[in-house]
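One structure is given below, encoded as structure tokens.
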Amino acid sequence: HYLQALALLGDSPGPEDDDSLTYAQLYQALGDVNFDLQNIDEAARWYGRSTAASEALLARRPTDAEVGLGLVNALSREGDVAFERGSFALSRELYQRSFELGRELLDAAPSDQAAQRATALALFSTADAHAAEGNVEQARDLYLQAQDWFEGLAGADATNGQLQRDLLVVLWTRGKLEQGLRNVEQAREHFLAALAIADRLWQLNPSNSEARRDLMLCCHRIGGTELALGRIETARGHYLRALALAEDLAEERPDNLFARTDLVVAYCKLADL
């Protein structure tokens with residue numbers, strides 16, 4: 001459908017085309033589809049075109065917040081491609097550019113929630129790139145900044161499930177970082193905070209598959225930290241809850257490879273106790 005829409009517009013905008021923003025958005029949407037399908041080279045091509053179209057349009061309309069936000073997102077998407085390819089230094093540079101542009105947008109419109117979220121995500125992704133490069137202290141510092149940012153966003157809009165999940169992901173990632181460094185108590189603290197959010201989101205929408213899987217994964221992580229601390233029965237309780245969630249998801253989606261894999265992992269964790 002995106003390709004059909006692009007065919008109706010023409011392949012690319014003219015130098016003064018009023019539809020340039022539509023082109024940039026279509027290119028990004030096509031990049032997203034290909035990225036989700038793991039067609040990384042094709043995603044890179046469309047994201048590159050989105051960035052180029054957004055940059056050209058922003059040069060003509062430098063105060064247009066919607067155009068600026070489009071470029072923030074386009075740069076982050078290009079960072080995602082570089083990260084997926086293992087080019088962590090390049091991904092960090094792209095995320096940093098995205099973050100800096102986002103800060104400029106917020107200087108002009110500090111209450112713009114979409115710009116706040118996009119900028120916070122760029123900061124979080126910059127931390128991911130640092131972590132992938134082994135720059136642990138830089139990653140830890142940036143994750144903390146991202147957490148502060150998302151706590152502010154989530155606190156200001158407690159009914160926004162996306163913002164709540166953003167905070168969950170930051171806490172989860174901080175927990176994984178500390179767990180990898182064998183800082184078990186710190187990891188457990190972050191995972192417990194993530195679990196509380198996951199539990200709340202699941203209770204608000206118990207039929208939502210993403211919410212249930214988030215909760216299941218949090219239970220696994222908490223179980224792992226409890227096991228590392230020698231609390232076997234507590235770990236078992238978390239693993240049993242994860243298993244129940246995995247069974248529900250696998251029953252609902254019997255042909256889904258990820259659901260079956262989650263179920264296998266849940267059984268194995270219990271078997272290892």
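Chain lettering (A, B, ...) mirrors the order of the structure tokens, residue numbering begins at 1 for each chain separately, and ligand numbering begins at 1 in order of display.
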
#### Entry: Residues flagged helix (DSSP H, G or I) by DSSP in range 7-192 of chain A, as JSON, numbers by chain
{"A": [7, 8, 9, 20, 21, 22, 23, 24, 25, 26, 27, 28, 29, 30, 31, 32, 33, 34, 35, 36, 40, 41, 42, 43, 44, 45, 46, 47, 48, 49, 50, 51, 52, 53, 54, 55, 56, 57, 58, 59, 60, 65, 66, 67, 68, 69, 70, 71, 72, 73, 74, 75, 76, 77, 78, 79, 80, 81, 82, 83, 84, 88, 89, 90, 91, 92, 93, 94, 95, 96, 97, 98, 99, 100, 101, 102, 103, 104, 105, 106, 107, 108, 113, 114, 115, 116, 117, 118, 119, 120, 121, 122, 123, 124, 125, 126, 127, 128, 129, 130, 131, 132, 136, 137, 138, 139, 140, 141, 142, 143, 144, 145, 146, 147, 148, 149, 150, 151, 152, 153, 154, 155, 156, 161, 162, 163, 164, 165, 166, 167, 168, 169, 170, 171, 172, 173, 174, 175, 176, 177, 178, 179, 180, 184, 185, 186, 187, 188, 189, 190, 191, 192]}

### Message
When you look at Thr63 in chain A with a cut-off of 10 Å (counting only C-alpha atoms), what residues show up, excluding the ones that are within fewer than 4 positions of it in the same chain? I need them as a VMD selection string.
### Response
chain A and resid 58 to 59 67 to 68 105 108

### Task
Within 10 Å of Gly70 in chain A, counting only C-alpha atoms, which residues show up once you throw out same-chain ones fewer than 3 positions away? Write them as JSON, numbers by chain, please.
{"A": [21, 24, 25, 28, 50, 51, 53, 54, 55, 58, 65, 66, 67, 73, 74, 75, 76, 115, 118]}

Could you write out that same residue set with N, CA, C and O atoms as a short mmCIF file (atom, residue, chain, number, x, y, z; two decimals), in the first residue's frame?
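Result file again.cif:
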data_model
loop_
_atom_site.label_atom_id
_atom_site.label_comp_id
_atom_site.auth_asym_id
_atom_site.auth_seq_id
_atom_site.Cartn_x
_atom_site.Cartn_y
_atom_site.Cartn_z
N LEU A 21 7.13 16.50 2.64
CA LEU A 21 6.93 15.88 3.94
C LEU A 21 6.24 14.53 3.79
O LEU A 21 6.60 13.56 4.46
N ALA A 24 8.82 12.04 2.66
CA ALA A 24 9.70 11.65 3.76
C ALA A 24 9.02 10.65 4.67
O ALA A 24 9.62 9.66 5.12
N GLN A 25 7.73 10.88 4.94
CA GLN A 25 6.98 9.97 5.81
C GLN A 25 6.77 8.61 5.15
O GLN A 25 6.85 7.57 5.81
N GLN A 28 10.01 6.67 5.22
CA GLN A 28 10.25 6.11 6.55
C GLN A 28 9.36 4.91 6.82
O GLN A 28 9.81 3.91 7.39
N SER A 50 14.49 9.01 3.33
CA SER A 50 13.69 9.79 4.27
C SER A 50 14.53 10.90 4.90
O SER A 50 14.08 12.06 5.01
N THR A 51 15.75 10.56 5.31
CA THR A 51 16.64 11.56 5.90
C THR A 51 16.95 12.66 4.90
O THR A 51 16.90 13.86 5.22
N ALA A 53 15.24 13.63 2.24
CA ALA A 53 14.06 14.45 1.98
C ALA A 53 13.76 15.38 3.15
O ALA A 53 13.41 16.55 2.95
N SER A 54 13.93 14.88 4.37
CA SER A 54 13.67 15.69 5.56
C SER A 54 14.69 16.82 5.69
O SER A 54 14.34 17.95 6.03
N GLU A 55 15.95 16.53 5.40
CA GLU A 55 16.99 17.56 5.48
C GLU A 55 16.75 18.66 4.45
O GLU A 55 16.90 19.85 4.76
N LEU A 58 13.77 20.70 5.62
CA LEU A 58 14.08 21.52 6.79
C LEU A 58 14.92 22.74 6.41
O LEU A 58 14.80 23.81 7.02
N ALA A 65 8.17 22.51 13.00
CA ALA A 65 8.43 21.49 14.02
C ALA A 65 8.15 20.08 13.51
O ALA A 65 8.85 19.14 13.86
N GLU A 66 7.13 19.94 12.67
CA GLU A 66 6.79 18.61 12.15
C GLU A 66 7.91 18.08 11.26
O GLU A 66 8.26 16.90 11.32
N VAL A 67 8.49 18.96 10.45
CA VAL A 67 9.60 18.56 9.60
C VAL A 67 10.81 18.20 10.45
O VAL A 67 11.50 17.19 10.21
N ASN A 73 13.40 11.51 13.82
CA ASN A 73 13.05 10.10 13.71
C ASN A 73 13.84 9.40 12.60
O ASN A 73 14.27 8.25 12.76
N ALA A 74 14.05 10.10 11.48
CA ALA A 74 14.78 9.49 10.36
C ALA A 74 16.23 9.18 10.76
O ALA A 74 16.76 8.11 10.43
N LEU A 75 16.86 10.09 11.46
CA LEU A 75 18.24 9.87 11.90
C LEU A 75 18.31 8.69 12.87
O LEU A 75 19.25 7.87 12.81
N SER A 76 17.34 8.60 13.76
CA SER A 76 17.33 7.47 14.70
C SER A 76 17.13 6.15 13.97
O SER A 76 17.76 5.14 14.31
N ALA A 115 8.03 15.39 20.48
CA ALA A 115 9.45 15.74 20.40
C ALA A 115 10.19 15.28 21.65
O ALA A 115 11.34 14.82 21.58
N ALA A 118 10.67 11.45 21.22
CA ALA A 118 11.65 11.13 20.19
C ALA A 118 13.07 11.46 20.67
O ALA A 118 14.02 10.71 20.40
#

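Closest approach to Ala211 in chain A from the set A:Arg165, A:Arg117, A:Arg253, A:Arg60 is made by A:Arg165, with distances taken over only C-alpha atoms.
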
### Task
Would you mind listing what lies within 8 Å of Arg45 in chain A as a list in words, with only C-alpha atoms counted and same-chain residues fewer than 4 positions away left out?
Gly31, Asp41 and Arg49 of chain A

Residues from last step as file, C-alpha atoms, as a PDB file, in the first residue's frame:
ATOM      1  CA  GLY A  31      11.911   1.558   5.856  1.00  0.00           C
ATOM      2  CA  ASP A  41      19.652  -3.227   3.137  1.00  0.00           C
ATOM      3  CA  ARG A  49      15.854   8.713   1.340  1.00  0.00           C
TER       4      ARG A  49
END

#### Entry: Exercise: range 248-251 of chain A partners within 12 Å, only C-alpha atoms, chain neighbours under 2 positions left out, as a ChimeraX atom specification
/A:206-216,241-246,253-264,266

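Using only C-alpha atoms, the smallest distance between any of A:Leu181, A:Ile197, A:Ala129, A:Leu171 and Ala158 in chain A comes from A:Ile197.
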
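The shell of residues at most 10 Å from Ser87 in chain A, with only C-alpha atoms counted and near chain neighbours (fewer than 6 positions) removed, consists of A:Gly79, A:Asp80, A:Val81, A:Ala129, A:Ala132, A:Glu133.
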
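Atom pair CA of Leu177 in chain A / CA of Gln96 in chain A: separated by 20.5 Å.
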
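Nearest residue to Glu137 in chain A among A:Glu252, A:Glu178, A:Asp157, A:Glu78 is A:Glu178, counting only C-alpha atoms.
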
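When only C-alpha atoms are used to measure the gap to Leu71 in chain A, the shortest distance among A:Ser91, A:Ser98, A:Ser111, A:Thr159 belongs to A:Ser98.
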
### Task
Would you mind reading off the distance between CA of Arg77 in chain A and CA of Glu100 in chain A, one decimal, in Å?
15.0 Å
